[in-house]
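Structure file coords02.tsv; described as TSV, C-alpha atoms and all ligand atoms.
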```
chain	number	residue	atom	x	y	z
X	274	MET	CA	3.21	16.13	12.08
X	275	ILE	CA	4.96	14.25	9.29
X	276	ILE	CA	3.07	11.44	7.55
X	277	LEU	CA	4.82	9.00	5.24
X	278	SER	CA	3.96	5.91	3.24
X	279	GLY	CA	5.11	4.03	0.17
X	280	ILE	CA	3.81	1.52	-2.29
X	281	GLN	CA	5.76	-0.83	-4.55
X	282	PRO	CA	5.44	-0.69	-8.33
X	283	SER	CA	5.42	-4.47	-8.48
X	284	GLY	CA	2.06	-5.01	-10.20
X	285	THR	CA	-1.38	-3.56	-10.81
X	286	LEU	CA	-2.89	-1.86	-7.77
X	287	HIS	CA	-5.99	-3.45	-6.26
X	288	VAL	CA	-8.82	-2.49	-3.94
X	289	GLY	CA	-6.87	-3.95	-0.96
X	290	ASN	CA	-4.13	-1.41	-1.65
X	291	TYR	CA	-6.75	1.32	-2.07
X	292	PHE	CA	-8.67	0.78	1.18
X	293	GLY	CA	-5.71	-0.44	3.26
X	294	MET	CA	-3.20	2.24	2.37
X	295	MET	CA	-4.04	4.72	-0.41
X	296	CYS	CA	-7.35	6.00	0.93
X	297	PRO	CA	-6.09	6.53	4.52
X	298	ALA	CA	-2.95	8.20	3.14
X	299	ILE	CA	-5.01	10.50	0.90
X	300	GLU	CA	-7.23	11.50	3.81
X	301	LEU	CA	-4.20	12.27	5.97
X	302	GLN	CA	-2.79	14.70	3.40
X	303	ASP	CA	-5.01	17.38	4.96
X	304	GLN	CA	-3.68	16.76	8.45
X	305	GLY	CA	0.03	17.31	8.23
X	306	GLU	CA	3.05	17.42	6.00
X	307	SER	CA	2.78	14.23	3.98
X	308	TYR	CA	5.33	12.30	1.93
X	309	TYR	CA	4.14	9.49	-0.35
X	310	PHE	CA	6.45	7.61	-2.65
X	311	ILE	CA	6.65	4.85	-5.23
X	312	ALA	CA	8.99	2.24	-3.74
X	313	ASP	CA	10.91	1.30	-6.89
X	314	TYR	CA	14.05	0.20	-4.99
X	315	HIS	CA	11.84	-2.18	-3.02
X	316	SER	CA	10.32	-3.63	-6.18
X	317	MET	CA	13.80	-4.83	-7.17
X	318	THR	CA	13.55	-7.65	-4.61
X	319	SER	CA	10.83	-9.35	-6.66
X	320	LEU	CA	10.70	-7.86	-10.17
X	321	TYR	CA	13.54	-8.26	-12.67
X	322	ASP	CA	12.12	-6.63	-15.80
X	323	ALA	CA	13.29	-3.03	-16.33
X	324	ASN	CA	10.51	-2.04	-18.72
X	325	GLU	CA	7.88	-3.50	-16.48
X	326	ARG	CA	9.28	-1.53	-13.52
X	327	ARG	CA	9.11	1.69	-15.60
X	328	LYS	CA	5.56	0.96	-16.70
X	329	ASN	CA	4.39	0.00	-13.20
X	330	THR	CA	5.97	3.13	-11.73
X	331	LEU	CA	4.03	5.34	-14.11
X	332	ASP	CA	0.87	3.33	-13.44
X	333	VAL	CA	1.19	3.76	-9.67
X	334	ALA	CA	1.71	7.51	-10.20
X	335	LEU	CA	-1.44	7.71	-12.36
X	336	ASP	CA	-3.46	5.54	-9.97
X	337	PHE	CA	-2.51	7.49	-6.87
X	338	LEU	CA	-3.15	10.88	-8.46
X	339	ALA	CA	-6.45	9.67	-9.95
X	340	CYS	CA	-7.57	8.42	-6.53
X	341	GLY	CA	-7.09	11.85	-5.00
X	342	LEU	CA	-3.48	12.35	-3.97
X	343	ASP	CA	-3.10	16.11	-4.29
X	344	PRO	CA	0.45	17.27	-5.14
X	345	ALA	CA	-0.41	20.71	-3.76
X	346	LYS	CA	-0.79	19.08	-0.34
X	347	ALA	CA	1.41	15.98	-0.38
X	348	VAL	CA	4.98	15.49	-1.59
X	349	PHE	CA	4.75	12.65	-4.15
X	350	PHE	CA	7.95	11.12	-5.53
X	351	ARG	CA	9.88	8.11	-6.76
X	352	GLN	CA	11.98	6.47	-4.02
X	353	SER	CA	15.09	6.15	-6.21
X	354	ASP	CA	15.09	9.90	-6.87
X	355	VAL	CA	16.30	10.22	-3.26
X	356	PRO	CA	19.42	8.01	-3.30
X	357	GLU	CA	20.35	9.31	0.19
X	358	VAL	CA	18.04	6.62	1.46
X	359	CYS	CA	20.53	3.94	0.38
X	360	GLU	CA	23.31	5.50	2.40
X	361	LEU	CA	21.10	5.69	5.45
X	362	THR	CA	20.19	2.01	4.92
X	363	TRP	CA	23.86	1.13	5.41
X	364	LEU	CA	24.19	3.15	8.61
X	365	LEU	CA	21.08	1.43	9.98
X	366	SER	CA	22.20	-2.03	8.81
X	367	THR	CA	25.19	-1.96	11.08
X	368	LEU	CA	22.87	-1.75	14.09
X	369	THR	CA	20.22	-4.21	12.91
X	370	PRO	CA	20.37	-7.60	14.63
X	371	MET	CA	20.05	-10.56	12.22
X	372	GLY	CA	17.39	-12.06	14.48
X	373	LEU	CA	15.14	-9.03	14.02
X	374	LEU	CA	15.07	-9.59	10.26
X	375	GLU	CA	14.84	-13.38	10.56
X	376	ARG	CA	11.59	-12.94	12.50
X	377	CYS	CA	9.86	-10.85	9.82
X	378	HIS	CA	6.65	-12.55	8.63
X	379	SER	CA	6.80	-11.27	5.08
X	380	TYR	CA	10.31	-12.74	4.66
X	381	LYS	CA	9.28	-16.01	6.29
X	382	ASP	CA	6.14	-16.22	4.08
X	383	LYS	CA	8.20	-15.77	0.95
X	384	MET	CA	10.65	-18.46	2.09
X	385	ALA	CA	7.74	-20.79	2.83
X	386	LYS	CA	6.51	-20.26	-0.74
X	387	GLY	CA	9.87	-21.51	-1.99
X	388	LEU	CA	11.27	-18.16	-3.19
X	389	ALA	CA	15.09	-18.27	-3.36
X	390	PRO	CA	16.24	-15.81	-0.69
X	391	ASN	CA	18.48	-12.94	-1.76
X	392	HIS	CA	20.14	-10.38	0.45
X	393	GLY	CA	17.85	-7.58	-0.75
X	394	LEU	CA	14.73	-9.48	0.26
X	395	PHE	CA	16.22	-10.23	3.67
X	396	ALA	CA	17.43	-6.66	4.23
X	397	TYR	CA	14.23	-5.06	2.85
X	398	PRO	CA	12.94	-3.92	6.27
X	399	VAL	CA	16.15	-1.92	6.79
X	400	LEU	CA	15.56	-0.02	3.55
X	401	MET	CA	12.00	0.54	4.71
X	402	ALA	CA	13.31	1.84	8.05
X	403	ALA	CA	15.53	4.30	6.16
X	404	ASP	CA	12.53	5.39	4.05
X	405	ILE	CA	10.64	6.25	7.20
X	406	LEU	CA	13.42	7.70	9.37
X	407	ILE	CA	14.95	9.90	6.68
X	408	TYR	CA	11.91	12.23	6.71
X	409	ASP	CA	11.53	12.37	10.53
X	410	SER	CA	8.14	10.69	10.00
X	411	ASN	CA	5.68	10.51	12.89
X	412	ILE	CA	2.83	8.53	11.32
X	413	VAL	CA	2.98	5.68	8.79
X	414	PRO	CA	-0.44	4.70	7.34
X	415	VAL	CA	-0.27	1.09	6.10
X	416	GLY	CA	-2.29	-2.15	5.95
X	417	ARG	CA	-1.84	-4.65	8.77
X	418	ASP	CA	0.76	-6.74	6.90
X	419	GLN	CA	3.24	-3.85	7.16
X	420	LYS	CA	2.87	-3.28	10.90
X	421	GLN	CA	5.80	-5.50	11.80
X	422	HIS	CA	8.07	-3.58	9.43
X	423	VAL	CA	7.23	-0.33	11.18
X	424	GLU	CA	7.98	-2.02	14.52
X	425	VAL	CA	11.37	-3.09	13.15
X	426	THR	CA	11.92	0.54	12.14
X	427	ARG	CA	11.19	1.66	15.68
X	428	ASP	CA	13.63	-0.90	17.13
X	429	ILE	CA	16.41	0.18	14.78
X	430	ALA	CA	15.79	3.88	15.48
X	431	VAL	CA	15.94	3.30	19.25
X	432	LYS	CA	19.21	1.37	18.89
X	433	PHE	CA	20.76	4.15	16.80
X	434	ASN	CA	19.62	6.81	19.25
X	435	GLN	CA	21.09	4.79	22.13
X	436	ALA	CA	24.40	4.27	20.37
X	437	TYR	CA	24.89	7.76	18.90
X	438	GLY	CA	22.53	10.10	20.76
X	439	GLU	CA	19.10	11.47	19.75
X	440	THR	CA	19.03	11.27	15.96
X	441	PHE	CA	15.73	9.83	14.77
X	442	VAL	CA	12.06	10.44	15.47
X	443	ILE	CA	10.32	7.20	16.56
X	444	PRO	CA	7.40	6.61	14.13
X	445	GLU	CA	3.97	5.07	14.78
X	446	PRO	CA	2.14	2.78	12.35
X	447	GLN	CA	-1.47	3.83	11.68
X	448	ILE	CA	-3.75	0.97	10.74
X	449	ARG	CA	-7.47	1.25	10.10
X	450	ASP	CA	-9.13	-1.69	11.75
X	451	SER	CA	-12.11	-1.72	9.39
X	452	VAL	CA	-9.91	-2.23	6.32
X	453	ALA	CA	-6.78	-3.73	7.84
X	454	VAL	CA	-7.21	-6.86	5.72
X	455	VAL	CA	-9.38	-6.58	2.61
X	456	PRO	CA	-10.37	-10.08	1.40
X	457	GLY	CA	-9.54	-11.24	-2.12
X	458	THR	CA	-11.74	-13.21	-4.54
X	459	ASP	CA	-10.88	-16.45	-2.70
X	460	GLY	CA	-11.43	-15.06	0.80
X	461	GLN	CA	-7.70	-14.87	1.69
X	462	LYS	CA	-6.02	-11.46	2.09
X	463	MET	CA	-6.19	-9.73	-1.28
X	464	SER	CA	-2.64	-9.67	-2.63
X	465	LYS	CA	-0.85	-9.43	-5.98
X	466	SER	CA	1.07	-12.54	-5.03
X	467	TYR	CA	-2.07	-14.67	-4.49
X	468	GLU	CA	-3.71	-13.82	-7.84
X	469	ASN	CA	-6.96	-13.03	-6.04
X	470	THR	CA	-7.16	-9.30	-6.65
X	471	ILE	CA	-9.84	-6.94	-7.88
X	472	GLN	CA	-8.10	-4.07	-9.66
X	473	ILE	CA	-8.94	-0.44	-8.99
X	474	PHE	CA	-8.73	0.43	-12.69
X	475	GLY	CA	-9.28	-1.64	-15.81
X	476	ASN	CA	-11.87	-2.60	-18.38
X	477	GLU	CA	-15.43	-3.24	-17.37
X	478	LYS	CA	-15.84	-6.71	-18.87
X	479	PRO	CA	-12.89	-8.50	-17.24
X	480	LEU	CA	-13.55	-6.73	-13.94
X	481	ARG	CA	-17.20	-7.82	-13.97
X	482	LYS	CA	-15.97	-11.36	-14.62
X	483	THR	CA	-13.54	-11.17	-11.70
X	484	ILE	CA	-16.32	-10.15	-9.34
X	485	MET	CA	-18.70	-12.80	-10.69
X	486	ARG	CA	-15.98	-15.38	-9.92
X	487	LEU	CA	-15.84	-14.54	-6.18
X	488	VAL	CA	-15.71	-17.89	-4.38
X	489	MET	CA	-18.96	-18.75	-2.55
X	490	ASP	CA	-20.24	-21.93	-0.92
X	491	SER	CA	-22.81	-24.33	-2.42
X	492	ARG	CA	-25.84	-23.43	-0.26
X	493	LEU	CA	-29.05	-22.86	-2.24
X	494	PRO	CA	-30.38	-19.29	-2.71
X	495	GLU	CA	-33.46	-19.90	-0.55
X	496	GLU	CA	-31.46	-21.11	2.45
X	497	PRO	CA	-31.05	-18.51	5.21
X	498	LYS	CA	-27.38	-17.57	5.80
X	499	PRO	CA	-26.84	-16.71	9.48
X	500	ASP	CA	-23.17	-16.00	8.69
X	501	ALA	CA	-24.01	-13.38	6.02
X	502	ASP	CA	-21.56	-10.87	7.56
X	503	GLN	CA	-18.68	-13.27	6.76
X	504	ASN	CA	-19.55	-13.43	3.05
X	505	ILE	CA	-16.75	-11.94	0.90
X	506	ALA	CA	-19.17	-10.06	-1.38
X	507	VAL	CA	-20.89	-8.52	1.66
X	508	GLN	CA	-17.54	-7.53	3.15
X	509	LEU	CA	-16.48	-5.90	-0.11
X	510	MET	CA	-19.89	-4.25	-0.42
X	511	ARG	CA	-19.24	-2.54	2.94
X	512	LEU	CA	-16.27	-0.80	1.34
X	513	VAL	CA	-17.95	0.49	-1.82
X	514	ALA	CA	-21.57	1.11	-0.76
X	515	THR	CA	-23.12	3.24	1.98
X	516	LYS	CA	-23.78	1.59	5.34
X	517	ASP	CA	-27.56	1.40	4.75
X	518	VAL	CA	-27.16	-0.22	1.36
X	519	ALA	CA	-24.60	-2.73	2.65
X	520	ASP	CA	-26.80	-3.53	5.69
X	521	ASP	CA	-29.70	-4.17	3.33
X	522	TRP	CA	-27.73	-6.63	1.17
X	523	GLU	CA	-26.46	-8.40	4.27
X	524	GLU	CA	-29.99	-8.73	5.69
X	525	ARG	CA	-31.36	-10.09	2.42
X	526	LEU	CA	-28.61	-12.69	2.31
X	527	ARG	CA	-29.15	-13.63	5.95
X	528	ALA	CA	-32.92	-14.07	5.46
X	529	GLY	CA	-32.57	-16.43	2.47
X	530	GLY	CA	-33.93	-15.89	-1.03
X	531	LEU	CA	-31.00	-13.87	-2.40
X	532	GLY	CA	-28.79	-15.82	-4.84
X	533	TYR	CA	-25.02	-15.30	-4.84
X	534	GLY	CA	-25.17	-14.30	-8.54
X	535	ASP	CA	-27.49	-11.39	-7.77
X	536	LEU	CA	-25.39	-10.35	-4.79
X	537	LYS	CA	-22.26	-10.27	-6.96
X	538	LYS	CA	-24.05	-8.29	-9.69
X	539	GLY	CA	-25.05	-5.77	-7.04
X	540	LEU	CA	-21.48	-5.62	-5.77
X	541	PHE	CA	-20.14	-5.00	-9.25
X	542	GLU	CA	-22.54	-2.07	-9.80
X	543	HIS	CA	-21.49	-0.40	-6.52
X	544	TYR	CA	-17.80	-1.06	-7.12
X	545	TRP	CA	-17.99	0.37	-10.65
X	546	GLU	CA	-19.80	3.48	-9.43
X	547	PHE	CA	-17.45	3.95	-6.46
X	548	PHE	CA	-14.40	4.34	-8.71
X	549	SER	CA	-16.12	6.21	-11.57
X	550	ASP	CA	-14.73	9.68	-10.75
X	551	ALA	CA	-11.24	8.25	-10.28
X	552	ARG	CA	-11.55	6.44	-13.62
X	553	ALA	CA	-12.40	9.70	-15.39
X	554	LYS	CA	-9.53	11.49	-13.66
X	555	ARG	CA	-7.13	8.72	-14.65
X	556	SER	CA	-7.94	8.97	-18.34
X	557	GLU	CA	-7.48	12.73	-18.16
X	558	LEU	CA	-4.04	12.23	-16.55
X	559	GLU	CA	-3.06	9.61	-19.13
X	560	SER	CA	-3.22	12.29	-21.79
X	561	ASN	CA	-1.10	14.62	-19.69
X	562	LEU	CA	1.98	12.59	-18.81
X	563	ASP	CA	4.21	15.67	-18.82
X	564	TYR	CA	2.24	16.93	-15.85
X	565	VAL	CA	2.59	13.60	-14.03
X	566	ASN	CA	6.36	13.52	-14.60
X	567	GLN	CA	6.66	17.10	-13.41
X	568	VAL	CA	4.76	16.24	-10.20
X	569	LEU	CA	7.26	13.44	-9.47
X	570	LYS	CA	10.21	15.69	-10.26
X	571	ASP	CA	9.01	18.50	-8.00
X	572	GLY	CA	8.23	15.94	-5.29
X	573	ALA	CA	11.73	14.48	-5.55
X	574	ASN	CA	13.31	17.90	-5.09
X	575	LYS	CA	11.32	18.60	-1.94
X	576	ALA	CA	11.84	15.10	-0.53
X	577	ARG	CA	15.56	15.19	-1.22
X	578	GLU	CA	16.00	18.49	0.55
X	579	ARG	CA	14.49	17.09	3.72
X	580	ALA	CA	16.22	13.70	3.42
X	581	SER	CA	19.68	15.20	3.07
X	582	LYS	CA	19.23	17.20	6.27
X	583	VAL	CA	18.33	14.10	8.27
X	584	LEU	CA	21.12	12.08	6.65
X	585	ASP	CA	23.63	14.81	7.56
X	586	ARG	CA	22.42	14.67	11.16
X	587	ALA	CA	22.90	10.87	11.22
X	588	ARG	CA	26.35	11.09	9.57
X	589	LYS	CA	27.46	13.68	12.07
X	590	ASN	CA	26.14	11.80	15.10
X	591	CYS	CA	27.86	8.54	14.18
X	592	GLY	CA	31.22	10.18	13.52
X	593	LEU	CA	31.39	10.13	9.73
X	594	VAL	CA	31.86	13.89	9.73
U	1	LIG	P1	0.43	-6.91	-2.13
U	1	LIG	O1	0.16	-7.77	-0.92
U	1	LIG	O2	-0.68	-6.98	-3.12
U	1	LIG	O3	1.77	-7.17	-2.75
U	1	LIG	P2	1.66	-4.56	-1.09
U	1	LIG	O4	2.46	-5.40	-0.14
U	1	LIG	O5	2.36	-3.91	-2.24
U	1	LIG	O6	0.44	-5.42	-1.61
U	1	LIG	O7	0.89	-3.48	-0.23
U	1	LIG	C1	0.87	-2.08	-0.44
U	1	LIG	C2	0.05	-1.44	0.67
U	1	LIG	O8	-1.31	-1.88	0.60
U	1	LIG	C3	0.52	-1.81	2.08
U	1	LIG	O9	0.36	-0.72	2.94
U	1	LIG	C4	-0.37	-2.93	2.47
U	1	LIG	O10	-0.50	-3.07	3.86
U	1	LIG	C5	-1.69	-2.52	1.82
U	1	LIG	N1	-2.47	-3.72	1.48
U	1	LIG	C6	-2.15	-4.66	0.56
U	1	LIG	N2	-3.08	-5.63	0.50
U	1	LIG	C7	-4.02	-5.29	1.42
U	1	LIG	C8	-5.25	-5.89	1.83
U	1	LIG	N3	-5.70	-7.00	1.28
U	1	LIG	N4	-5.94	-5.28	2.82
U	1	LIG	C9	-5.50	-4.12	3.39
U	1	LIG	N5	-4.36	-3.51	3.03
U	1	LIG	C10	-3.62	-4.07	2.06
U	2	LIG	N1	6.99	-2.33	2.17
U	2	LIG	C1	5.82	-1.60	1.74
U	2	LIG	C2	4.89	-2.55	0.97
U	2	LIG	O1	5.31	-3.54	0.43
U	2	LIG	C3	6.18	-0.45	0.85
U	2	LIG	C4	7.06	0.50	1.57
U	2	LIG	C5	8.39	0.69	1.37
U	2	LIG	C6	6.68	1.38	2.65
U	2	LIG	N2	8.88	1.62	2.22
U	2	LIG	C7	7.86	2.07	3.02
U	2	LIG	C8	5.48	1.62	3.30
U	2	LIG	C9	7.85	3.00	4.07
U	2	LIG	C10	5.48	2.55	4.35
U	2	LIG	C11	6.66	3.23	4.73
U	2	LIG	O2	3.73	-2.29	0.93
```

As structure tokens, what does this structure read like?
Ligand code: ADP
Ligand code: TRP
Amino acid sequence: MIILSGIQPSGTLHVGNYFGMMCPAIELQDQGESYYFIADYHSMTSLYDANERRKNTLDVALDFLACGLDPAKAVFFRQSDVPEVCELTWLLSTLTPMGLLERCHSYKDKMAKGLAPNHGLFAYPVLMAADILIYDSNIVPVGRDQKQHVEVTRDIAVKFNQAYGETFVIPEPQIRDSVAVVPGTDGQKMSKSYENTIQIFGNEKPLRKTIMRLVMDSRLPEEPKPDADQNIAVQLMRLVATKDVADDWEERLRAGGLGYGDLKKGLFEHYWEFFSDARAKRSELESNLDYVNQVLKDGANKARERASKVLDRARKNCGLV
């Protein structure tokens, strides 16, 4: 079984990224041949600062390794180190109906926010399809917002197979229901683009502040809260504390008598503890950047070997060779 996922180096990673994608991906590394990459080509659709891209790419590498990605088990690489993926994007583009891309939510959301459309942003799901198909991937662990892109990938793969004969494996998205949409500090989906994130790594003081600023309603502490399970702090607590501990906080909130300030303080303590091992690992890696760069280089070599085989198969089947 081949498992594949990617993450863009377009900003600082947050707990939504961790629970929605990184943690499931890390757990899957024990269950098959896994390929995880830093989607730097993708980041070009929204980030136009070269130094920032370089810095973010290194940060994603450090974050992912610190969180438990094990290069002895998973192939970890930078997307642009496998340029074959761009050639495959072209082959797939010629079979991708415009309507399929026009229906993509993430494109429509960006348009609705007033972003000037460019061809890269529009064609982004085709590059993502190439990312997935070029490794013969079976399983793609992602958060719910990426499900449609994997469905587009499936459609394109089926069309190619129909036109040119069996070429690509049809992949399946894998989405964990419990963490499909991690809420941000304002209760909307946590996302870099909504400025409502809680970072995985960073300094204690600003992170404590971020958590203390979680948006709550104006009910008094003593009032019972029958909707305690809907509270953002309780939902986040479920991710970073054990079930018993989270149940206890939820019950105390439901009963009345627990102030939101105390709940948030409790959340911060659990959150800080949850990532403490990863934090230590990250600082160790920061002083060993040669190792990190070597991991990406070795990963690129392995990924490229596999990608070129699949690209050759596609080239042959469509009559380029
Ligand atoms: P962002 O929305 O912050 O830009 P990305 O689109 O780069 O995040 O997402 C990277 C990965 O993390 C994807 O697999 C995505 O589904 C997952 N992810 C992002 N935000 C969340 C969230 N709030 N809840 C669950 N998964 C998420
Ligand atoms: N589009 C994904 C995101 O924004 C990143 C990504 C690029 C990806 N290529 C992929 C994820 C292939 C899974 C598989 O989060």

Axis-aligned box over every listed atom of segment 413-432 of chain X, padded by 4 Å per side: centre and edges in Å to one decimal, as JSON?
```
{"center_x": 8.5, "center_y": -0.5, "center_z": 12.6, "size_x": 29.5, "size_y": 20.4, "size_z": 21.3}
```

Let me have all residues with an atom within 7 Å of ligand LIG 1 (chain U), counting only C-alpha atoms and all ligand atoms, laid out as an mmCIF file with C-alpha atoms, in the coordinates of the input.
```
data_model
loop_
_atom_site.group_PDB
_atom_site.id
_atom_site.type_symbol
_atom_site.label_atom_id
_atom_site.label_comp_id
_atom_site.auth_asym_id
_atom_site.auth_seq_id
_atom_site.Cartn_x
_atom_site.Cartn_y
_atom_site.Cartn_z
ATOM 1 C CA ILE X 280 3.810 1.520 -2.290
ATOM 2 C CA GLN X 281 5.760 -0.830 -4.550
ATOM 3 C CA SER X 283 5.420 -4.470 -8.480
ATOM 4 C CA GLY X 289 -6.870 -3.950 -0.960
ATOM 5 C CA ASN X 290 -4.130 -1.410 -1.650
ATOM 6 C CA TYR X 291 -6.750 1.320 -2.070
ATOM 7 C CA PHE X 292 -8.670 0.780 1.180
ATOM 8 C CA GLY X 293 -5.710 -0.440 3.260
ATOM 9 C CA MET X 294 -3.200 2.240 2.370
ATOM 10 C CA VAL X 415 -0.270 1.090 6.100
ATOM 11 C CA GLY X 416 -2.290 -2.150 5.950
ATOM 12 C CA ARG X 417 -1.840 -4.650 8.770
ATOM 13 C CA ASP X 418 0.760 -6.740 6.900
ATOM 14 C CA GLN X 419 3.240 -3.850 7.160
ATOM 15 C CA VAL X 452 -9.910 -2.230 6.320
ATOM 16 C CA ALA X 453 -6.780 -3.730 7.840
ATOM 17 C CA VAL X 454 -7.210 -6.860 5.720
ATOM 18 C CA VAL X 455 -9.380 -6.580 2.610
ATOM 19 C CA PRO X 456 -10.370 -10.080 1.400
ATOM 20 C CA GLY X 457 -9.540 -11.240 -2.120
ATOM 21 C CA LYS X 462 -6.020 -11.460 2.090
ATOM 22 C CA MET X 463 -6.190 -9.730 -1.280
ATOM 23 C CA SER X 464 -2.640 -9.670 -2.630
ATOM 24 C CA LYS X 465 -0.850 -9.430 -5.980
ATOM 25 C CA SER X 466 1.070 -12.540 -5.030
#
```

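As for atom CA of Trp522 of chain X and atom CA of Lys498 of chain X, they are spaced 11.9 Å apart.
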
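A straight line drawn from atom O1 of ligand LIG 2 (chain U) to atom CA of Cys377 of chain X is 12.7 Å long.
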
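Our summary of the geometry notes that atom C9 of ligand LIG 2 (chain U) is positioned 6.9 Å from atom CA of Ala402 of chain X.
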
Handout entry: Contact residues around segment 476-485 of chain X with only C-alpha atoms at 9 Å, ignoring same-chain residues under 3 positions, as a ChimeraX atom specification
Key = /X:458,469-472,488,506,533-534,537-538,540-542,545

Exercise for the section: Skip Val358 of chain X itself and residues of its chain fewer than 5 positions away, then list as a count of residues only all residues within 9 Å of it, counting only C-alpha atoms. Expected result: 10

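If only C-alpha atoms are the atoms counted, then among X:Leu365, X:Leu536, X:Leu301, X:Ala573 the closest residue to Ala587 of chain X is X:Leu365.
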
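Distances to Ala339 of chain X were evaluated for X:Lys554, X:Lys432, X:Lys383, X:Lys582 using only C-alpha atoms, and the minimum falls at X:Lys554.
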
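For the point (11.7, -0.7, 12.0), the residues with at least one atom inside 9 Å, counting all atoms listed in the file, are Pro398, Val399, Met401, Ala402, Ala403, Ile405, Leu406, Gln421, His422, Val423, Glu424, Val425, Thr426, Arg427, Asp428, Ile429, Ala430 and Pro444 of chain X.
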
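Minimum atom-to-atom distances from X:Ala298, X:Met384, X:Leu531, X:Leu342 to Ile275 of chain X were compared using all atoms listed in the file, and the lowest value belongs to X:Ala298.
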
Practice task
Considering all atoms listed in the file, state which residue in the set X:Ala528, X:Ala389, X:Leu364, X:Ile412 is at the smallest distance from ligand LIG 2 (chain U).
Solution key: X:Ile412

Problem - Non-local contacts of Leu512 of chain X (10 Å; all atoms listed in the file; under 2 positions in same chain excluded) as a VMD selection string - result: chain X and resid 288 292 451 to 452 455 507 to 510 514 to 516 519 543 to 544 547

Handout entry: Close residues, Asp490 of chain X itself excluded, 12 Å, all atoms listed in the file, min 3 positions apart in chain, as a PyMOL selection string
Key = chain X and resi 459-460+486-487+493-494+496+498+500-501+503-506+532-534

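Minimum distance to ligand LIG 2 (chain U) across X:Asp535, X:Glu468, X:Asp409, X:Glu375 (counting only C-alpha atoms and all ligand atoms) occurs at X:Asp409.
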
Practice task
Might you pull out every residue within 9 Å of Gly438 of chain X, with all atoms listed in the file counted and same-chain residues fewer than 3 positions away left off, and present them as a list in words?
Solution key: Phe433, Asn434, Gln435, Asn590 and Cys591 of chain X

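Residue nearest ligand LIG 2 (chain U), chosen from X:Glu557, X:Asp332, X:Asp502, X:Glu445 and counting only C-alpha atoms and all ligand atoms: X:Glu445.
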
Restore N, CA, C and O atoms in segment 551-561 of chain X and list the result as a PDB file, in the frame of the given file.
```pdb
ATOM      1  N   ALA X 551     -12.682   8.524 -10.184  1.00  0.00           N
ATOM      2  CA  ALA X 551     -11.240   8.250 -10.280  1.00  0.00           C
ATOM      3  C   ALA X 551     -10.894   7.761 -11.690  1.00  0.00           C
ATOM      4  O   ALA X 551      -9.859   8.133 -12.247  1.00  0.00           O
ATOM      5  N   ARG X 552     -11.794   6.963 -12.265  1.00  0.00           N
ATOM      6  CA  ARG X 552     -11.550   6.440 -13.620  1.00  0.00           C
ATOM      7  C   ARG X 552     -11.474   7.603 -14.624  1.00  0.00           C
ATOM      8  O   ARG X 552     -10.602   7.645 -15.485  1.00  0.00           O
ATOM      9  N   ALA X 553     -12.391   8.548 -14.475  1.00  0.00           N
ATOM     10  CA  ALA X 553     -12.400   9.700 -15.390  1.00  0.00           C
ATOM     11  C   ALA X 553     -11.121  10.522 -15.206  1.00  0.00           C
ATOM     12  O   ALA X 553     -10.483  10.948 -16.184  1.00  0.00           O
ATOM     13  N   LYS X 554     -10.743  10.714 -13.963  1.00  0.00           N
ATOM     14  CA  LYS X 554      -9.530  11.490 -13.660  1.00  0.00           C
ATOM     15  C   LYS X 554      -8.298  10.795 -14.245  1.00  0.00           C
ATOM     16  O   LYS X 554      -7.396  11.439 -14.785  1.00  0.00           O
ATOM     17  N   ARG X 555      -8.292   9.465 -14.164  1.00  0.00           N
ATOM     18  CA  ARG X 555      -7.130   8.720 -14.650  1.00  0.00           C
ATOM     19  C   ARG X 555      -6.993   8.892 -16.166  1.00  0.00           C
ATOM     20  O   ARG X 555      -5.891   9.115 -16.677  1.00  0.00           O
ATOM     21  N   SER X 556      -8.117   8.831 -16.897  1.00  0.00           N
ATOM     22  CA  SER X 556      -7.940   8.970 -18.340  1.00  0.00           C
ATOM     23  C   SER X 556      -7.492  10.376 -18.720  1.00  0.00           C
ATOM     24  O   SER X 556      -6.723  10.567 -19.658  1.00  0.00           O
ATOM     25  N   GLU X 557      -7.927  11.348 -17.936  1.00  0.00           N
ATOM     26  CA  GLU X 557      -7.480  12.730 -18.160  1.00  0.00           C
ATOM     27  C   GLU X 557      -5.943  12.806 -17.939  1.00  0.00           C
ATOM     28  O   GLU X 557      -5.223  13.384 -18.752  1.00  0.00           O
ATOM     29  N   LEU X 558      -5.483  12.192 -16.862  1.00  0.00           N
ATOM     30  CA  LEU X 558      -4.040  12.230 -16.550  1.00  0.00           C
ATOM     31  C   LEU X 558      -3.211  11.495 -17.593  1.00  0.00           C
ATOM     32  O   LEU X 558      -2.096  11.896 -17.921  1.00  0.00           O
ATOM     33  N   GLU X 559      -3.785  10.406 -18.124  1.00  0.00           N
ATOM     34  CA  GLU X 559      -3.060   9.610 -19.130  1.00  0.00           C
ATOM     35  C   GLU X 559      -2.704  10.458 -20.347  1.00  0.00           C
ATOM     36  O   GLU X 559      -1.718  10.194 -21.023  1.00  0.00           O
ATOM     37  N   SER X 560      -3.536  11.468 -20.631  1.00  0.00           N
ATOM     38  CA  SER X 560      -3.220  12.290 -21.790  1.00  0.00           C
ATOM     39  C   SER X 560      -2.395  13.509 -21.389  1.00  0.00           C
ATOM     40  O   SER X 560      -2.238  14.442 -22.169  1.00  0.00           O
ATOM     41  N   ASN X 561      -1.902  13.483 -20.164  1.00  0.00           N
ATOM     42  CA  ASN X 561      -1.100  14.620 -19.690  1.00  0.00           C
ATOM     43  C   ASN X 561       0.102  14.114 -18.886  1.00  0.00           C
ATOM     44  O   ASN X 561       0.331  14.524 -17.745  1.00  0.00           O
TER      45      ASN X 561
END
```
